Amino acid sequence: MHEIITLQLGQQANYLGTHFWNTQESYFTYSSDQPESAVDHDIHFRPGLAPDGTETYMPRTVIYDLKGAFGTLRKINALYDVNDDQSTPAQALWQGQPTIHRSPPIPESPYTASLNAGLPPPRLHPAAVRYFSDYSRVFYHPRSVVPLSEHDATSTGTGTAVGPFAERGHAAGEDLFAALDREHDLLDRDLRPFVEEADCMQAVQVFAGFDDAWGGFASRYVERVRDEYGKVGVWVWGLQAGVGGVSRDKRLLRLANKARAMTEVYKQASIVVPLAVPERLPGRVQLDLGSQWHTSALLAAAVESATLPARMKDPLKRETLGGMTEVLNTMGRQSVAGLQMSFARPDSEAQNDSREKKLSEEDLSEGIRLDIRLAPSDQLDAHSRSNGFNRPRVFSQLIASRGYGDEEAEDMEMDEAGRRVRRSSYEPVTKSYNTALRFPLLDSFPGIFRGDGDEPLSEALNIATSISTDSSVSTKLRQLRSTVIRSISLEDRETLGNELMEMADGYHEGWSSGSDFGEDD
């Protein structure tokens, strides 16, 4: 069935992951009157039985976060909650009367309470989202929920859980993983049960923060996954928080954490996609940058749309993550990719503007540029002069379009592998995927996408995405190196600097721009 198992590591990952799973749940059909879903649910969901014999269908995912960051998400949910008589605790060696201490329960959000009661949920807003569980529409298997009691998190009331662990460096995450793995063997305890349930696992998908201690945790986890499952694809989405109101010293620490995470994950992952909300957004995207519910929604819409081909039911429209890797990493050293997206309301297909999905031959031959480039800034200053759209040399690109029909697929000349026929070796390797399935705008999703009249869009969107490898990666890696190198300890400085330069050199091989683009000043 080509299953994909997801790992969610840390708070940034779990906000994005909650949007991702809510979207997957929306593709289910529950009556014969509804058209058959275009999505193969077995890719991301596992069948099972609850203790009372009820059939269940739950995500193939493992969710890690700090104690207290899960909110009202319980390890044992309503489907697995067996109401045993607990009035008389079991007596073992201890013959005295035990004393039970319980933390004050976290009240359900009005949204969750309405869902549980079968009532229409109220409209969400940033202040109402305290935890990622406050807008979750999905039940998880008890094995999926893994709170780390070694650290705690406290809610600030603004949709952000903050704890000392998250604010520490890359090494703290590595140390935590090493301690837990030494005591429990995390892969054997948490991941292997999901792997053994799969008929033919195609990949492990990892959502992880890169700019905090979770980057170190992810580095060691991905290393273990690669050691244990050497032939399985590993896609890592590295998340980076916004820098608004962040001090210069803390931003430098975040960039140093990212540099370490990038170099470590790069050695093991099939594809690494760094992600962040850009400093400049089109006017039709309105975000509350202080709300992770908002910022993660934008990233989730792009990630979910870009990977949609991996779970399509139609074999003519499906592509495994392994097949997508082969397109992106054309030279064997280009596993760091970037993600872009554009969106349009379904009734605006005929508009002749940048939102129109129809791509010209020039777009395809030089590499497409979409409205929103979800590329992190690696500069120490919060605001840079670059808009992130200086034209780089594009090596390969995967274009996924949803809601626009299949016209482009008919016009494009393709080879036997389904890739666009290139006119010269300079042109990027291109493969396109098209589906009529639009991106659903659920009641758990914030109204961040706006129409031309500034009205929040609802119901569904047309979305086009591009995952690409291009020469801008070299520039960014060199910039990251020059920014953080002096903040790194002497014993690690040379190693980290050399590894970043080796990664950057992989995006110069096989071409010449005829200029000094991407070189050190």
# chains A, B, ... in the order shown; residues from 1 in each chain; ligands from 1

$ select_by_dssp --residues "segment 143-244 of chain A" --states "helix (DSSP H, G or I)" --output "ChimeraX atom specification"
/A:143-144,164-167,170-184,186-197,213-228

$ closest_residue --among "A:Leu374, A:Ser270, A:Ile448, A:Lys476" --to "Val234 of chain A" --atoms "only C-alpha atoms"
A:Ser270

$ closest_residue --among "A:Ala203, A:Val222, A:Val195, A:Ile467" --to "Thr320 of chain A" --atoms "only C-alpha atoms"
A:Ala203

$ closest_residue --among "A:Gly209, A:Gly53, A:Gly367, A:Gly17" --to "Val138 of chain A" --atoms "only C-alpha atoms"
A:Gly17

$ closest_residue --among "A:Ala276, A:Ile488, A:Ala310, A:Leu66" --to "Phe165 of chain A" --atoms "only C-alpha atoms"
A:Leu66

$ residues_around --residues "Arg224 of chain A" --least-positions-apart "6" --cutoff "10 Å" --atoms "only C-alpha atoms" --output "PyMOL selection string"
chain A and resi 181+186-187+218+230+268

$ residues_around --residues "segment 244-250 of chain A" --least-positions-apart "6" --cutoff "12 Å" --atoms "only C-alpha atoms" --output "VMD selection string"
chain A and resid 166 to 169 211 to 212 256 to 257 277 to 279 288 to 291 379 to 383 483 to 484 487

$ closest_residue --among "A:Glu304, A:Glu25, A:Glu499, A:Glu196" --to "Ala464 of chain A" --atoms "only C-alpha atoms"
A:Glu304

$ residues_around --residues "Pro376 of chain A" --least-positions-apart "4" --cutoff "12 Å" --atoms "only C-alpha atoms" --output "PyMOL selection string"
chain A and resi 210-211+238-243+254-255+258+273-280+299+337-340+372+380+382-384+387-388+472-473+476-477+479-480

$ select_by_dssp --residues "segment 219-399 of chain A" --states "strand (DSSP E or B)" --output "MDAnalysis selection string"
chainID A and resid 233:239 271:275 285 312 336 338:344 372:373 394:399

$ atom_distance --atom1 "atom CA of Thr23 of chain A" --atom2 "atom CA of Leu398 of chain A"
21.4 Å

$ residues_around --residues "Leu9 of chain A" --least-positions-apart "4" --cutoff "8 Å" --atoms "only C-alpha atoms" --output "list of chain:residue names"
A:Ala13, A:Asn14, A:Ile63, A:Tyr64, A:Asp65, A:Val206, A:Phe207, A:Ala208, A:Gly209, A:Trp214, A:Phe217, A:Ala218

$ atom_distance --atom1 "atom CA of Glu319 of chain A" --atom2 "atom CA of Ala400 of chain A"
11.0 Å

$ closest_residue --among "A:Leu442, A:Ala436, A:Ala213, A:Ile271" --to "Pro309 of chain A" --atoms "only C-alpha atoms"
A:Ala436

$ atom_distance --atom1 "atom CA of Ala301 of chain A" --atom2 "atom CA of Phe439 of chain A"
7.5 Å

$ residues_around --residues "Pro59 of chain A" --least-positions-apart "6" --cutoff "10 Å" --atoms "only C-alpha atoms" --output "PyMOL selection string"
chain A and resi 4-6+21+24-25+41-47+138-141+144+194

$ decode --residues "segment 19-43 of chain A" --atoms "N, CA, C and O atoms" --output "compact mmCIF listing (two decimals), in the first residue's frame"
# COMPACT_ATOMS: atom_id res chain seq x y z
N HIS A 19 -2.94 20.65 11.45
CA HIS A 19 -3.60 21.09 10.22
C HIS A 19 -3.54 20.00 9.16
O HIS A 19 -4.51 19.75 8.43
N PHE A 20 -2.39 19.34 9.05
CA PHE A 20 -2.20 18.28 8.05
C PHE A 20 -3.21 17.16 8.27
O PHE A 20 -3.89 16.72 7.33
N TRP A 21 -3.35 16.68 9.51
CA TRP A 21 -4.25 15.56 9.77
C TRP A 21 -5.71 15.97 9.68
O TRP A 21 -6.56 15.17 9.25
N ASN A 22 -6.04 17.20 10.05
CA ASN A 22 -7.41 17.67 9.86
C ASN A 22 -7.79 17.62 8.37
O ASN A 22 -8.91 17.24 8.01
N THR A 23 -6.85 18.01 7.52
CA THR A 23 -7.11 17.98 6.08
C THR A 23 -7.28 16.56 5.59
O THR A 23 -8.19 16.28 4.78
N GLN A 24 -6.44 15.64 6.07
CA GLN A 24 -6.59 14.24 5.64
C GLN A 24 -7.94 13.68 6.05
O GLN A 24 -8.58 12.94 5.30
N GLU A 25 -8.38 14.03 7.27
CA GLU A 25 -9.67 13.53 7.75
C GLU A 25 -10.82 14.04 6.89
O GLU A 25 -11.82 13.35 6.70
N SER A 26 -10.66 15.25 6.33
CA SER A 26 -11.74 15.83 5.53
C SER A 26 -11.96 15.09 4.22
O SER A 26 -13.01 15.25 3.58
N TYR A 27 -10.98 14.29 3.78
CA TYR A 27 -11.13 13.55 2.52
C TYR A 27 -11.97 12.28 2.66
O TYR A 27 -12.31 11.66 1.66
N PHE A 28 -12.28 11.89 3.89
CA PHE A 28 -13.08 10.69 4.08
C PHE A 28 -14.52 10.94 3.62
O PHE A 28 -15.05 12.05 3.75
N THR A 29 -15.12 9.91 3.07
CA THR A 29 -16.54 9.95 2.71
C THR A 29 -17.27 8.93 3.58
O THR A 29 -16.78 7.82 3.80
N TYR A 30 -18.44 9.31 4.07
CA TYR A 30 -19.14 8.50 5.05
C TYR A 30 -20.51 8.00 4.59
O TYR A 30 -21.22 7.37 5.35
N SER A 31 -20.88 8.27 3.35
CA SER A 31 -22.17 7.79 2.86
C SER A 31 -22.05 7.46 1.39
O SER A 31 -21.16 7.96 0.67
N SER A 32 -22.96 6.62 0.92
CA SER A 32 -22.95 6.23 -0.50
C SER A 32 -23.35 7.38 -1.41
O SER A 32 -23.12 7.32 -2.62
N ASP A 33 -23.96 8.41 -0.83
CA ASP A 33 -24.35 9.56 -1.65
C ASP A 33 -23.17 10.43 -2.04
O ASP A 33 -23.25 11.20 -3.00
N GLN A 34 -22.08 10.34 -1.31
CA GLN A 34 -20.90 11.15 -1.59
C GLN A 34 -20.04 10.48 -2.64
O GLN A 34 -19.95 9.24 -2.68
N PRO A 35 -19.38 11.25 -3.51
CA PRO A 35 -18.48 10.64 -4.49
C PRO A 35 -17.28 9.99 -3.80
O PRO A 35 -16.88 10.40 -2.71
N GLU A 36 -16.75 8.98 -4.42
CA GLU A 36 -15.60 8.28 -3.86
C GLU A 36 -14.41 9.23 -3.73
O GLU A 36 -14.14 10.03 -4.61
N SER A 37 -13.72 9.14 -2.61
CA SER A 37 -12.58 10.02 -2.37
C SER A 37 -11.46 9.73 -3.37
O SER A 37 -11.20 8.57 -3.71
N ALA A 38 -10.79 10.78 -3.81
CA ALA A 38 -9.64 10.62 -4.71
C ALA A 38 -8.38 10.23 -3.97
O ALA A 38 -7.35 9.93 -4.60
N VAL A 39 -8.43 10.24 -2.63
CA VAL A 39 -7.25 9.99 -1.81
C VAL A 39 -7.28 8.56 -1.27
O VAL A 39 -8.32 8.07 -0.82
N ASP A 40 -6.14 7.89 -1.33
CA ASP A 40 -5.99 6.56 -0.74
C ASP A 40 -5.67 6.73 0.74
O ASP A 40 -4.55 7.05 1.11
N HIS A 41 -6.66 6.51 1.59
CA HIS A 41 -6.50 6.77 3.01
C HIS A 41 -5.51 5.82 3.67
O HIS A 41 -4.94 6.14 4.73
N ASP A 42 -5.30 4.65 3.09
CA ASP A 42 -4.40 3.67 3.70
C ASP A 42 -2.95 4.16 3.71
O ASP A 42 -2.13 3.63 4.46
N ILE A 43 -2.63 5.14 2.89
CA ILE A 43 -1.25 5.66 2.87
C ILE A 43 -0.89 6.26 4.23
O ILE A 43 0.19 6.00 4.77
